[in-house]
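K.L.:
The structure file start.cif (mmCIF, C-alpha atoms; chains and numbers go by the auth columns) is provided below.
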data_model
loop_
_atom_site.group_PDB
_atom_site.id
_atom_site.type_symbol
_atom_site.label_atom_id
_atom_site.label_comp_id
_atom_site.label_asym_id
_atom_site.label_seq_id
_atom_site.Cartn_x
_atom_site.Cartn_y
_atom_site.Cartn_z
_atom_site.B_iso_or_equiv
_atom_site.auth_seq_id
_atom_site.auth_asym_id
ATOM 1 C CA MET A 1 20.146 -7.876 -37.528 0.00 1 A
ATOM 2 C CA GLU A 2 16.593 -7.372 -38.798 0.00 2 A
ATOM 3 C CA ALA A 3 15.222 -9.575 -35.997 0.00 3 A
ATOM 4 C CA LYS A 4 17.243 -7.588 -33.456 0.00 4 A
ATOM 5 C CA ASN A 5 15.897 -4.285 -34.781 0.00 5 A
ATOM 6 C CA HIS A 6 12.383 -5.743 -34.735 0.00 6 A
ATOM 7 C CA PHE A 7 12.845 -6.758 -31.082 0.00 7 A
ATOM 8 C CA PHE A 8 13.988 -3.288 -30.005 0.00 8 A
ATOM 9 C CA SER A 9 11.212 -1.656 -32.008 0.00 9 A
ATOM 10 C CA ASP A 10 8.618 -3.828 -30.253 0.00 10 A
ATOM 11 C CA MET A 11 10.337 -3.170 -26.941 0.00 11 A
ATOM 12 C CA SER A 12 10.079 0.599 -27.368 0.00 12 A
ATOM 13 C CA VAL A 13 6.355 0.267 -28.091 0.00 13 A
ATOM 14 C CA MET A 14 5.730 -1.863 -24.988 0.00 14 A
ATOM 15 C CA LEU A 15 7.885 0.409 -22.833 0.00 15 A
ATOM 16 C CA GLY A 16 6.062 3.467 -24.137 0.00 16 A
ATOM 17 C CA ARG A 17 2.714 1.859 -23.344 0.00 17 A
ATOM 18 C CA SER A 18 3.696 1.076 -19.744 0.00 18 A
ATOM 19 C CA LEU A 19 5.307 4.486 -19.203 0.00 19 A
ATOM 20 C CA ARG A 20 2.148 6.251 -20.384 0.00 20 A
ATOM 21 C CA HIS A 21 0.185 4.369 -17.732 0.00 21 A
ATOM 22 C CA ILE A 22 2.655 5.591 -15.091 0.00 22 A
ATOM 23 C CA PHE A 23 2.878 9.224 -16.109 0.00 23 A
ATOM 24 C CA ARG A 24 -0.855 9.572 -16.735 0.00 24 A
ATOM 25 C CA SER A 25 -1.390 8.642 -13.082 0.00 25 A
ATOM 26 C CA MET A 26 1.467 10.327 -11.247 0.00 26 A
ATOM 27 C CA ASP A 27 -0.274 9.464 -7.983 0.00 27 A
ATOM 28 C CA THR A 28 1.413 6.055 -8.329 0.00 28 A
ATOM 29 C CA ILE A 29 4.860 7.593 -7.926 0.00 29 A
ATOM 30 C CA PHE A 30 3.672 9.927 -5.185 0.00 30 A
ATOM 31 C CA THR A 31 2.143 6.984 -3.318 0.00 31 A
ATOM 32 C CA VAL A 32 5.427 5.079 -3.554 0.00 32 A
ATOM 33 C CA CYS A 33 7.326 8.105 -2.204 0.00 33 A
ATOM 34 C CA ILE A 34 4.972 9.038 0.633 0.00 34 A
ATOM 35 C CA THR A 35 5.633 6.110 2.978 0.00 35 A
ATOM 36 C CA PRO A 36 9.474 6.170 2.728 0.00 36 A
ATOM 37 C CA ILE A 37 9.532 9.963 3.120 0.00 37 A
ATOM 38 C CA ALA A 38 7.172 9.733 6.110 0.00 38 A
ATOM 39 C CA MET A 39 9.439 7.070 7.642 0.00 39 A
ATOM 40 C CA MET A 40 12.474 9.259 7.041 0.00 40 A
ATOM 41 C CA LEU A 41 10.796 12.239 8.706 0.00 41 A
ATOM 42 C CA LEU A 42 9.659 10.099 11.640 0.00 42 A
ATOM 43 C CA PHE A 43 13.022 8.489 12.301 0.00 43 A
ATOM 44 C CA VAL A 44 15.076 11.663 11.826 0.00 44 A
ATOM 45 C CA TYR A 45 12.925 14.121 13.766 0.00 45 A
ATOM 46 C CA VAL A 46 11.271 11.841 16.349 0.00 46 A
ATOM 47 C CA PHE A 47 13.573 8.858 16.964 0.00 47 A
ATOM 48 C CA GLY A 48 16.864 10.185 15.599 0.00 48 A
ATOM 49 C CA GLY A 49 17.959 11.826 18.818 0.00 49 A
ATOM 50 C CA ALA A 50 17.569 8.589 20.764 0.00 50 A
ATOM 51 C CA ILE A 51 19.330 6.315 18.260 0.00 51 A
ATOM 52 C CA GLU A 52 23.080 5.922 18.638 0.00 52 A
ATOM 53 C CA THR A 53 24.713 5.339 15.263 0.00 53 A
ATOM 54 C CA GLY A 54 28.139 6.865 15.744 0.00 54 A
ATOM 55 C CA THR A 55 27.396 9.554 13.147 0.00 55 A
ATOM 56 C CA ASP A 56 26.515 13.206 13.580 0.00 56 A
ATOM 57 C CA ASN A 57 23.989 13.250 10.743 0.00 57 A
ATOM 58 C CA TYR A 58 21.345 10.555 11.145 0.00 58 A
ATOM 59 C CA VAL A 59 19.706 11.268 7.771 0.00 59 A
ATOM 60 C CA ASN A 60 22.994 10.266 6.103 0.00 60 A
ATOM 61 C CA PHE A 61 22.900 6.976 8.011 0.00 61 A
ATOM 62 C CA LEU A 62 19.204 6.403 7.264 0.00 62 A
ATOM 63 C CA LEU A 63 18.922 7.313 3.571 0.00 63 A
ATOM 64 C CA PRO A 64 20.240 4.066 1.979 0.00 64 A
ATOM 65 C CA GLY A 65 17.655 1.966 3.799 0.00 65 A
ATOM 66 C CA ILE A 66 14.874 4.400 2.892 0.00 66 A
ATOM 67 C CA LEU A 67 15.813 4.116 -0.790 0.00 67 A
ATOM 68 C CA LEU A 68 15.617 0.314 -0.647 0.00 68 A
ATOM 69 C CA MET A 69 12.262 0.547 1.102 0.00 69 A
ATOM 70 C CA ALA A 70 10.962 2.814 -1.684 0.00 70 A
ATOM 71 C CA ILE A 71 12.080 0.327 -4.334 0.00 71 A
ATOM 72 C CA ALA A 72 10.416 -2.574 -2.500 0.00 72 A
ATOM 73 C CA SER A 73 7.216 -0.545 -2.373 0.00 73 A
ATOM 74 C CA GLY A 74 7.442 0.538 -6.000 0.00 74 A
ATOM 75 C CA VAL A 75 7.836 -2.907 -7.541 0.00 75 A
ATOM 76 C CA ALA A 76 4.456 -3.943 -6.113 0.00 76 A
ATOM 77 C CA TYR A 77 2.856 -1.947 -8.926 0.00 77 A
ATOM 78 C CA VAL A 78 4.605 -4.172 -11.481 0.00 78 A
ATOM 79 C CA ALA A 79 2.872 -7.211 -10.012 0.00 79 A
ATOM 80 C CA TYR A 80 -0.423 -5.308 -9.992 0.00 80 A
ATOM 81 C CA ARG A 81 -0.183 -4.164 -13.629 0.00 81 A
ATOM 82 C CA LEU A 82 0.959 -7.573 -14.867 0.00 82 A
ATOM 83 C CA PHE A 83 -1.928 -9.230 -13.042 0.00 83 A
ATOM 84 C CA LEU A 84 -4.410 -6.823 -14.667 0.00 84 A
ATOM 85 C CA ASP A 85 -2.941 -7.461 -18.133 0.00 85 A
ATOM 86 C CA LYS A 86 -3.224 -11.195 -17.546 0.00 86 A
ATOM 87 C CA GLN A 87 -6.753 -11.018 -16.104 0.00 87 A
ATOM 88 C CA ARG A 88 -8.060 -8.785 -18.901 0.00 88 A
ATOM 89 C CA GLY A 89 -6.561 -10.948 -21.617 0.00 89 A
ATOM 90 C CA ILE A 90 -4.249 -8.177 -22.807 0.00 90 A
ATOM 91 C CA ILE A 91 -1.187 -10.440 -22.763 0.00 91 A
ATOM 92 C CA GLU A 92 -2.989 -12.982 -24.975 0.00 92 A
ATOM 93 C CA ARG A 93 -4.069 -10.176 -27.301 0.00 93 A
ATOM 94 C CA PHE A 94 -0.480 -8.994 -27.701 0.00 94 A
ATOM 95 C CA HIS A 95 0.637 -12.554 -28.375 0.00 95 A
ATOM 96 C CA SER A 96 -1.795 -12.742 -31.291 0.00 96 A
ATOM 97 C CA MET A 97 0.044 -9.815 -32.891 0.00 97 A
ATOM 98 C CA PRO A 98 3.275 -10.039 -34.911 0.00 98 A
ATOM 99 C CA ILE A 99 5.538 -8.844 -32.070 0.00 99 A
ATOM 100 C CA ALA A 100 8.329 -10.417 -30.044 0.00 100 A
ATOM 101 C CA ARG A 101 6.489 -12.031 -27.125 0.00 101 A
ATOM 102 C CA SER A 102 9.127 -11.290 -24.494 0.00 102 A
ATOM 103 C CA THR A 103 8.845 -7.538 -25.087 0.00 103 A
ATOM 104 C CA VAL A 104 5.487 -7.476 -23.274 0.00 104 A
ATOM 105 C CA LEU A 105 7.198 -8.638 -20.082 0.00 105 A
ATOM 106 C CA TRP A 106 10.308 -6.504 -20.574 0.00 106 A
ATOM 107 C CA GLY A 107 8.159 -3.415 -21.069 0.00 107 A
ATOM 108 C CA HIS A 108 6.826 -3.795 -17.520 0.00 108 A
ATOM 109 C CA VAL A 109 10.279 -4.508 -16.108 0.00 109 A
ATOM 110 C CA LEU A 110 11.959 -1.474 -17.680 0.00 110 A
ATOM 111 C CA THR A 111 9.051 0.745 -16.672 0.00 111 A
ATOM 112 C CA SER A 112 9.679 -0.336 -13.084 0.00 112 A
ATOM 113 C CA VAL A 113 13.293 0.807 -13.379 0.00 113 A
ATOM 114 C CA VAL A 114 12.281 4.222 -14.772 0.00 114 A
ATOM 115 C CA SER A 115 9.528 4.858 -12.211 0.00 115 A
ATOM 116 C CA ASN A 116 11.752 3.787 -9.318 0.00 116 A
ATOM 117 C CA ILE A 117 14.534 6.094 -10.508 0.00 117 A
ATOM 118 C CA VAL A 118 12.051 8.973 -10.404 0.00 118 A
ATOM 119 C CA SER A 119 10.997 7.976 -6.865 0.00 119 A
ATOM 120 C CA ILE A 120 14.632 7.730 -5.738 0.00 120 A
ATOM 121 C CA VAL A 121 15.413 11.206 -7.089 0.00 121 A
ATOM 122 C CA VAL A 122 12.403 12.669 -5.261 0.00 122 A
ATOM 123 C CA ILE A 123 13.434 11.028 -1.972 0.00 123 A
ATOM 124 C CA ILE A 124 17.048 12.208 -2.295 0.00 124 A
ATOM 125 C CA LEU A 125 15.835 15.780 -2.914 0.00 125 A
ATOM 126 C CA VAL A 126 13.736 15.603 0.267 0.00 126 A
ATOM 127 C CA ALA A 127 16.747 14.180 2.141 0.00 127 A
ATOM 128 C CA LEU A 128 18.856 17.124 0.940 0.00 128 A
ATOM 129 C CA ILE A 129 16.291 19.508 2.389 0.00 129 A
ATOM 130 C CA MET A 130 16.484 17.569 5.668 0.00 130 A
ATOM 131 C CA GLY A 131 20.258 17.949 5.792 0.00 131 A
ATOM 132 C CA PHE A 132 21.632 15.008 3.836 0.00 132 A
ATOM 133 C CA ARG A 133 25.147 15.696 2.579 0.00 133 A
ATOM 134 C CA SER A 134 27.565 13.480 0.674 0.00 134 A
ATOM 135 C CA SER A 135 31.264 13.736 -0.068 0.00 135 A
ATOM 136 C CA ALA A 136 31.003 11.094 -2.805 0.00 136 A
ATOM 137 C CA GLY A 137 32.533 11.742 -6.198 0.00 137 A
ATOM 138 C CA VAL A 138 30.937 11.134 -9.584 0.00 138 A
ATOM 139 C CA LEU A 139 32.166 7.537 -9.820 0.00 139 A
ATOM 140 C CA SER A 140 30.800 6.713 -6.369 0.00 140 A
ATOM 141 C CA TRP A 141 27.413 8.139 -7.324 0.00 141 A
ATOM 142 C CA PHE A 142 27.432 6.037 -10.492 0.00 142 A
ATOM 143 C CA ALA A 143 28.248 2.986 -8.378 0.00 143 A
ATOM 144 C CA VAL A 144 25.329 3.781 -6.056 0.00 144 A
ATOM 145 C CA ALA A 145 23.021 4.209 -9.054 0.00 145 A
ATOM 146 C CA GLY A 146 24.198 0.892 -10.500 0.00 146 A
ATOM 147 C CA ILE A 147 23.538 -0.988 -7.263 0.00 147 A
ATOM 148 C CA LEU A 148 20.081 0.565 -6.916 0.00 148 A
ATOM 149 C CA VAL A 149 19.204 -0.357 -10.514 0.00 149 A
ATOM 150 C CA LEU A 150 20.393 -3.931 -9.936 0.00 150 A
ATOM 151 C CA PHE A 151 18.333 -4.134 -6.743 0.00 151 A
ATOM 152 C CA THR A 152 15.323 -2.760 -8.629 0.00 152 A
ATOM 153 C CA LEU A 153 15.709 -5.332 -11.407 0.00 153 A
ATOM 154 C CA ALA A 154 16.073 -8.157 -8.877 0.00 154 A
ATOM 155 C CA LEU A 155 12.889 -7.221 -7.015 0.00 155 A
ATOM 156 C CA THR A 156 11.018 -6.430 -10.242 0.00 156 A
ATOM 157 C CA TRP A 157 11.535 -9.970 -11.512 0.00 157 A
ATOM 158 C CA VAL A 158 10.260 -11.248 -8.157 0.00 158 A
ATOM 159 C CA ALA A 159 7.234 -8.982 -8.640 0.00 159 A
ATOM 160 C CA ALA A 160 6.724 -10.398 -12.124 0.00 160 A
ATOM 161 C CA ILE A 161 6.451 -13.899 -10.661 0.00 161 A
ATOM 162 C CA ALA A 162 3.795 -12.681 -8.217 0.00 162 A
ATOM 163 C CA GLY A 163 1.829 -10.818 -10.884 0.00 163 A
ATOM 164 C CA LEU A 164 1.811 -13.734 -13.307 0.00 164 A
ATOM 165 C CA SER A 165 1.085 -16.421 -10.694 0.00 165 A
ATOM 166 C CA ALA A 166 -1.438 -14.707 -8.385 0.00 166 A
ATOM 167 C CA LYS A 167 -5.119 -15.623 -8.453 0.00 167 A
ATOM 168 C CA THR A 168 -6.334 -12.295 -7.034 0.00 168 A
ATOM 169 C CA VAL A 169 -5.191 -8.686 -7.242 0.00 169 A
ATOM 170 C CA GLU A 170 -4.566 -8.700 -3.484 0.00 170 A
ATOM 171 C CA GLY A 171 -2.300 -11.714 -3.848 0.00 171 A
ATOM 172 C CA ALA A 172 -0.367 -9.992 -6.625 0.00 172 A
ATOM 173 C CA SER A 173 0.504 -7.043 -4.384 0.00 173 A
ATOM 174 C CA ALA A 174 0.855 -8.786 -1.007 0.00 174 A
ATOM 175 C CA PHE A 175 4.299 -10.247 -1.824 0.00 175 A
ATOM 176 C CA SER A 176 5.882 -6.803 -1.340 0.00 176 A
ATOM 177 C CA TYR A 177 4.987 -6.527 2.363 0.00 177 A
ATOM 178 C CA PRO A 178 7.849 -8.750 3.612 0.00 178 A
ATOM 179 C CA LEU A 179 10.242 -6.909 1.280 0.00 179 A
ATOM 180 C CA ILE A 180 9.234 -3.535 2.704 0.00 180 A
ATOM 181 C CA PHE A 181 9.649 -4.894 6.232 0.00 181 A
ATOM 182 C CA LEU A 182 13.102 -6.400 5.552 0.00 182 A
ATOM 183 C CA PRO A 183 15.060 -3.118 6.048 0.00 183 A
ATOM 184 C CA PHE A 184 13.804 -2.960 9.643 0.00 184 A
ATOM 185 C CA ILE A 185 15.743 -6.138 10.435 0.00 185 A
ATOM 186 C CA SER A 186 19.001 -4.880 8.979 0.00 186 A
ATOM 187 C CA SER A 187 21.543 -2.127 9.545 0.00 187 A
ATOM 188 C CA ALA A 188 19.294 0.359 7.729 0.00 188 A
ATOM 189 C CA PHE A 189 17.964 2.094 10.862 0.00 189 A
ATOM 190 C CA VAL A 190 20.303 1.063 13.672 0.00 190 A
ATOM 191 C CA PRO A 191 23.695 -0.685 13.844 0.00 191 A
ATOM 192 C CA THR A 192 23.353 -4.451 14.044 0.00 192 A
ATOM 193 C CA GLU A 193 25.612 -4.466 17.144 0.00 193 A
ATOM 194 C CA THR A 194 22.661 -3.228 19.207 0.00 194 A
ATOM 195 C CA MET A 195 20.466 -6.226 18.309 0.00 195 A
ATOM 196 C CA PRO A 196 19.981 -9.509 20.236 0.00 196 A
ATOM 197 C CA SER A 197 22.259 -12.281 18.963 0.00 197 A
ATOM 198 C CA VAL A 198 19.640 -14.215 16.965 0.00 198 A
ATOM 199 C CA VAL A 199 18.222 -11.087 15.326 0.00 199 A
ATOM 200 C CA ARG A 200 21.732 -9.783 14.684 0.00 200 A
ATOM 201 C CA ALA A 201 22.740 -13.028 12.959 0.00 201 A
ATOM 202 C CA PHE A 202 19.781 -12.719 10.597 0.00 202 A
ATOM 203 C CA ALA A 203 20.314 -8.989 10.036 0.00 203 A
ATOM 204 C CA GLU A 204 23.968 -9.398 9.129 0.00 204 A
ATOM 205 C CA ASN A 205 23.323 -12.220 6.676 0.00 205 A
ATOM 206 C CA GLN A 206 20.417 -10.917 4.644 0.00 206 A
ATOM 207 C CA PRO A 207 20.791 -8.909 1.404 0.00 207 A
ATOM 208 C CA VAL A 208 19.578 -5.514 2.649 0.00 208 A
ATOM 209 C CA THR A 209 22.415 -5.075 5.161 0.00 209 A
ATOM 210 C CA SER A 210 25.224 -5.584 2.655 0.00 210 A
ATOM 211 C CA ILE A 211 23.522 -3.300 0.119 0.00 211 A
ATOM 212 C CA VAL A 212 22.880 -0.607 2.735 0.00 212 A
ATOM 213 C CA GLU A 213 26.443 -0.778 4.032 0.00 213 A
ATOM 214 C CA THR A 214 27.838 -0.528 0.503 0.00 214 A
ATOM 215 C CA ILE A 215 25.722 2.491 -0.424 0.00 215 A
ATOM 216 C CA ARG A 216 26.441 4.151 2.919 0.00 216 A
ATOM 217 C CA ALA A 217 30.202 3.707 2.438 0.00 217 A
ATOM 218 C CA LEU A 218 30.095 5.003 -1.126 0.00 218 A
ATOM 219 C CA LEU A 219 28.101 8.110 -0.184 0.00 219 A
ATOM 220 C CA SER A 220 30.477 8.923 2.674 0.00 220 A
ATOM 221 C CA SER A 221 33.653 8.190 0.653 0.00 221 A
ATOM 222 C CA GLN A 222 34.598 5.316 2.954 0.00 222 A
ATOM 223 C CA PRO A 223 36.148 1.951 1.935 0.00 223 A
ATOM 224 C CA VAL A 224 33.429 -0.494 0.912 0.00 224 A
ATOM 225 C CA GLY A 225 35.397 -3.647 1.762 0.00 225 A
ATOM 226 C CA ASN A 226 33.755 -6.975 0.942 0.00 226 A
ATOM 227 C CA ASP A 227 30.234 -5.581 1.334 0.00 227 A
ATOM 228 C CA ILE A 228 30.076 -4.497 -2.299 0.00 228 A
ATOM 229 C CA TRP A 229 30.821 -8.020 -3.553 0.00 229 A
ATOM 230 C CA VAL A 230 28.267 -9.525 -1.185 0.00 230 A
ATOM 231 C CA ALA A 231 25.717 -6.914 -2.296 0.00 231 A
ATOM 232 C CA LEU A 232 26.361 -7.598 -5.981 0.00 232 A
ATOM 233 C CA ALA A 233 26.168 -11.350 -5.412 0.00 233 A
ATOM 234 C CA TRP A 234 22.796 -10.994 -3.684 0.00 234 A
ATOM 235 C CA CYS A 235 21.388 -8.708 -6.379 0.00 235 A
ATOM 236 C CA LEU A 236 22.614 -10.797 -9.300 0.00 236 A
ATOM 237 C CA GLY A 237 21.652 -14.086 -7.645 0.00 237 A
ATOM 238 C CA ILE A 238 18.096 -12.961 -6.869 0.00 238 A
ATOM 239 C CA MET A 239 17.738 -11.401 -10.315 0.00 239 A
ATOM 240 C CA ILE A 240 18.853 -14.508 -12.224 0.00 240 A
ATOM 241 C CA VAL A 241 16.746 -16.955 -10.215 0.00 241 A
ATOM 242 C CA ALA A 242 13.669 -14.685 -10.269 0.00 242 A
ATOM 243 C CA TYR A 243 14.101 -14.071 -14.008 0.00 243 A
ATOM 244 C CA LEU A 244 14.076 -17.801 -14.740 0.00 244 A
ATOM 245 C CA PHE A 245 10.921 -18.389 -12.691 0.00 245 A
ATOM 246 C CA ALA A 246 9.223 -15.277 -14.122 0.00 246 A
ATOM 247 C CA VAL A 247 9.898 -16.392 -17.708 0.00 247 A
ATOM 248 C CA ARG A 248 8.517 -19.836 -16.890 0.00 248 A
ATOM 249 C CA ALA A 249 5.366 -18.295 -15.397 0.00 249 A
ATOM 250 C CA TYR A 250 5.054 -16.008 -18.415 0.00 250 A
ATOM 251 C CA LYS A 251 5.330 -18.882 -20.867 0.00 251 A
ATOM 252 C CA ARG A 252 2.759 -20.836 -18.875 0.00 252 A
ATOM 253 C CA ASN A 253 0.317 -17.930 -19.172 0.00 253 A
ATOM 254 C CA ALA A 254 1.078 -17.586 -22.875 0.00 254 A
ATOM 255 C CA ALA A 255 0.464 -21.248 -23.608 0.00 255 A
#
Can you turn what I pasted into structure tokens?
P.N.:
Amino acid sequence: MEAKNHFFSDMSVMLGRSLRHIFRSMDTIFTVCITPIAMMLLFVYVFGGAIETGTDNYVNFLLPGILLMAIASGVAYVAYRLFLDKQRGIIERFHSMPIARSTVLWGHVLTSVVSNIVSIVVIILVALIMGFRSSAGVLSWFAVAGILVLFTLALTWVAAIAGLSAKTVEGASAFSYPLIFLPFISSAFVPTETMPSVVRAFAENQPVTSIVETIRALLSSQPVGNDIWVALAWCLGIMIVAYLFAVRAYKRNAA
């Protein structure tokens, strides 16, 4: 019990340290929000009238994909901050102290969850101003929040691998570019039925589509079908595999 309390005490210190870095430079969160909000404005007010989705409110159709894009953009900062801690010897300095070693890594991971939640709330508020409306109940909103947190954790552990393994700061952040691009080849912006067969096959069998479809169904009070199980399987699978590789990279840096 004492060891458990010691772990959580160390965790709170590491989390507090990382959160202070975030909230002392709020431009980080604003930067994460700007691109997804700009994309949402562009697609709704410029392209929305020309895109056939079968819905009257395109912002409702678009929002789930925009949220995933924001998360993919936000986790890049985890890789960046971990790389800086490694390069400056801060991780080694913490390891010389009487603290649980894993809390250094978990502090960055949990900070990613908190900062991405803030970004998601900001984007949803902007979407409400643009006309987003949802008939979802409290339980559906909790389900959406749970899926988004799982997706954030999955990508954050991927970011941790990049931050701990990269040789340059550019390399630490570059991994996020394919992740940000992934929603474009999914059902996030247009129905997959409109895509060429090869592109459609990829779009329908990559994680973003099942997650988007699940969130979209939950927010519109529609049956989620098998999409929710596929989405959860993707999120949990990526998270577990990335966690194992991130811990290995972390131990290698701590050796």
K.L.:
Tell me, in Å to one decimal, how far CA of Phe175 (chain A) is from CA of Ser18 (chain A).
P.N.:
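Separating CA of Phe175 (chain A) from CA of Ser18 (chain A) is a distance of 21.2 Å.
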K.L.:
List the spatial neighbours of region 231-234 of chain A as a PyMOL selection string - criterion: any atom at most 12 Å away, only C-alpha atoms, same-chain residues fewer than 2 positions off excluded.
P.N.:
chain A and resi 143-144+146-151+153-155+204-215+224-229+236-242
K.L.:
Nearest residue to Trp141 (chain A) out of A:Arg101, A:Arg216, A:His108, A:Arg81, using all atoms listed in the file?
P.N.:
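Looking only at the distances to Trp141 (chain A), the closest residue turns out to be A:Arg216.
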K.L.:
Quick one: distance from CA of Glu92 (chain A) to CA of Ala172 (chain A) in Å, one decimal?
P.N.:
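Answer for the CA of Glu92 (chain A) to CA of Ala172 (chain A) separation: 18.8 Å.
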K.L.:
Can you measure CA of Thr156 (chain A) to CA of Phe181 (chain A) for me? One decimal in Å is fine.
P.N.:
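Computing it gives 16.6 Å between the two atoms.
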K.L.:
Taking the file as shown, what set of residues would the PyMOL selection byres ((chain A and resi 116) around 10) give back, as a CSV table (one decimal) with C-alpha atoms, in the frame of the given file?
P.N.:
chain,number,residue,atom,x,y,z
A,29,ILE,CA,4.9,7.6,-7.9
A,32,VAL,CA,5.4,5.1,-3.6
A,33,CYS,CA,7.3,8.1,-2.2
A,67,LEU,CA,15.8,4.1,-0.8
A,70,ALA,CA,11.0,2.8,-1.7
A,71,ILE,CA,12.1,0.3,-4.3
A,72,ALA,CA,10.4,-2.6,-2.5
A,73,SER,CA,7.2,-0.5,-2.4
A,74,GLY,CA,7.4,0.5,-6.0
A,75,VAL,CA,7.8,-2.9,-7.5
A,110,LEU,CA,12.0,-1.5,-17.7
A,111,THR,CA,9.1,0.7,-16.7
A,112,SER,CA,9.7,-0.3,-13.1
A,113,VAL,CA,13.3,0.8,-13.4
A,114,VAL,CA,12.3,4.2,-14.8
A,115,SER,CA,9.5,4.9,-12.2
A,117,ILE,CA,14.5,6.1,-10.5
A,118,VAL,CA,12.1,9.0,-10.4
A,119,SER,CA,11.0,8.0,-6.9
A,120,ILE,CA,14.6,7.7,-5.7
A,121,VAL,CA,15.4,11.2,-7.1
A,122,VAL,CA,12.4,12.7,-5.3
A,148,LEU,CA,20.1,0.6,-6.9
A,149,VAL,CA,19.2,-0.4,-10.5
A,152,THR,CA,15.3,-2.8,-8.6
K.L.:
Give me the result of the PyMOL selection byres ((chain A and resi 188-191) around 10) on this file, residue by residue, as a PDB file with C-alpha atoms, keeping the file's coordinate frame.
P.N.:
ATOM      1  CA  MET A  40      12.474   9.259   7.041  1.00  0.00           C
ATOM      2  CA  PHE A  43      13.022   8.489  12.301  1.00  0.00           C
ATOM      3  CA  GLY A  48      16.864  10.185  15.599  1.00  0.00           C
ATOM      4  CA  ILE A  51      19.330   6.315  18.260  1.00  0.00           C
ATOM      5  CA  GLU A  52      23.080   5.922  18.638  1.00  0.00           C
ATOM      6  CA  THR A  53      24.713   5.339  15.263  1.00  0.00           C
ATOM      7  CA  GLY A  54      28.139   6.865  15.744  1.00  0.00           C
ATOM      8  CA  TYR A  58      21.345  10.555  11.145  1.00  0.00           C
ATOM      9  CA  VAL A  59      19.706  11.268   7.771  1.00  0.00           C
ATOM     10  CA  PHE A  61      22.900   6.976   8.011  1.00  0.00           C
ATOM     11  CA  LEU A  62      19.204   6.403   7.264  1.00  0.00           C
ATOM     12  CA  LEU A  63      18.922   7.313   3.571  1.00  0.00           C
ATOM     13  CA  PRO A  64      20.240   4.066   1.979  1.00  0.00           C
ATOM     14  CA  GLY A  65      17.655   1.966   3.799  1.00  0.00           C
ATOM     15  CA  ILE A  66      14.874   4.400   2.892  1.00  0.00           C
ATOM     16  CA  LEU A  67      15.813   4.116  -0.790  1.00  0.00           C
ATOM     17  CA  LEU A  68      15.617   0.314  -0.647  1.00  0.00           C
ATOM     18  CA  MET A  69      12.262   0.547   1.102  1.00  0.00           C
ATOM     19  CA  LEU A 182      13.102  -6.400   5.552  1.00  0.00           C
ATOM     20  CA  PRO A 183      15.060  -3.118   6.048  1.00  0.00           C
ATOM     21  CA  PHE A 184      13.804  -2.960   9.643  1.00  0.00           C
ATOM     22  CA  ILE A 185      15.743  -6.138  10.435  1.00  0.00           C
ATOM     23  CA  SER A 186      19.001  -4.880   8.979  1.00  0.00           C
ATOM     24  CA  SER A 187      21.543  -2.127   9.545  1.00  0.00           C
ATOM     25  CA  THR A 192      23.353  -4.451  14.044  1.00  0.00           C
ATOM     26  CA  GLU A 193      25.612  -4.466  17.144  1.00  0.00           C
ATOM     27  CA  THR A 194      22.661  -3.228  19.207  1.00  0.00           C
ATOM     28  CA  MET A 195      20.466  -6.226  18.309  1.00  0.00           C
ATOM     29  CA  ARG A 200      21.732  -9.783  14.684  1.00  0.00           C
ATOM     30  CA  ALA A 203      20.314  -8.989  10.036  1.00  0.00           C
ATOM     31  CA  GLU A 204      23.968  -9.398   9.129  1.00  0.00           C
ATOM     32  CA  VAL A 208      19.578  -5.514   2.649  1.00  0.00           C
ATOM     33  CA  THR A 209      22.415  -5.075   5.161  1.00  0.00           C
ATOM     34  CA  SER A 210      25.224  -5.584   2.655  1.00  0.00           C
ATOM     35  CA  ILE A 211      23.522  -3.300   0.119  1.00  0.00           C
ATOM     36  CA  VAL A 212      22.880  -0.607   2.735  1.00  0.00           C
ATOM     37  CA  GLU A 213      26.443  -0.778   4.032  1.00  0.00           C
ATOM     38  CA  ARG A 216      26.441   4.151   2.919  1.00  0.00           C
TER      39      ARG A 216
END
K.L.:
Considering all atoms listed in the file, state which residue in the set A:Ala76, A:Ser102, A:Val158, A:Gly89 is at the smallest distance from Tyr177 (chain A).
P.N.:
A:Ala76
K.L.:
List, as a VMD selection string, every residue that the PyMOL selection byres ((chain A and resi 173) around 8) selects in the file provided.
P.N.:
chain A and resid 76 to 77 79 to 80 162 to 163 169 to 172 174 to 176
K.L.:
Box for region 73-82 of chain A: with edges along x, y and z, all listed atoms inside and 6 Å added on each side, what are the centre and edge lengths in Å to one decimal, as JSON?
P.N.:
{"center_x": 3.7, "center_y": -3.5, "center_z": -8.6, "size_x": 20.3, "size_y": 20.1, "size_z": 24.5}
K.L.:
Do a neighbour search on Val138 (chain A) at 12 Å with all atoms listed in the file, toss out local chain neighbours closer than 6 positions, and write the hits as an MDAnalysis selection string.
P.N.:
chainID A and resid 144:145 218:219 221
K.L.:
Show me, as a Markdown table, the residues of region 72-186 of chain A having an atom within 6 Å of region 9-15 of chain A, each with the closest atom pair and its distance in Å, using all atoms listed in the file.
P.N.:
| residue | atom | partner | partner_atom | distance |
| --- | --- | --- | --- | --- |
| A:Thr103 | CA | A:Met11 | CA | 5.0 |
| A:Val104 | CA | A:Met14 | CA | 5.9 |
| A:Gly107 | CA | A:Leu15 | CA | 4.2 |
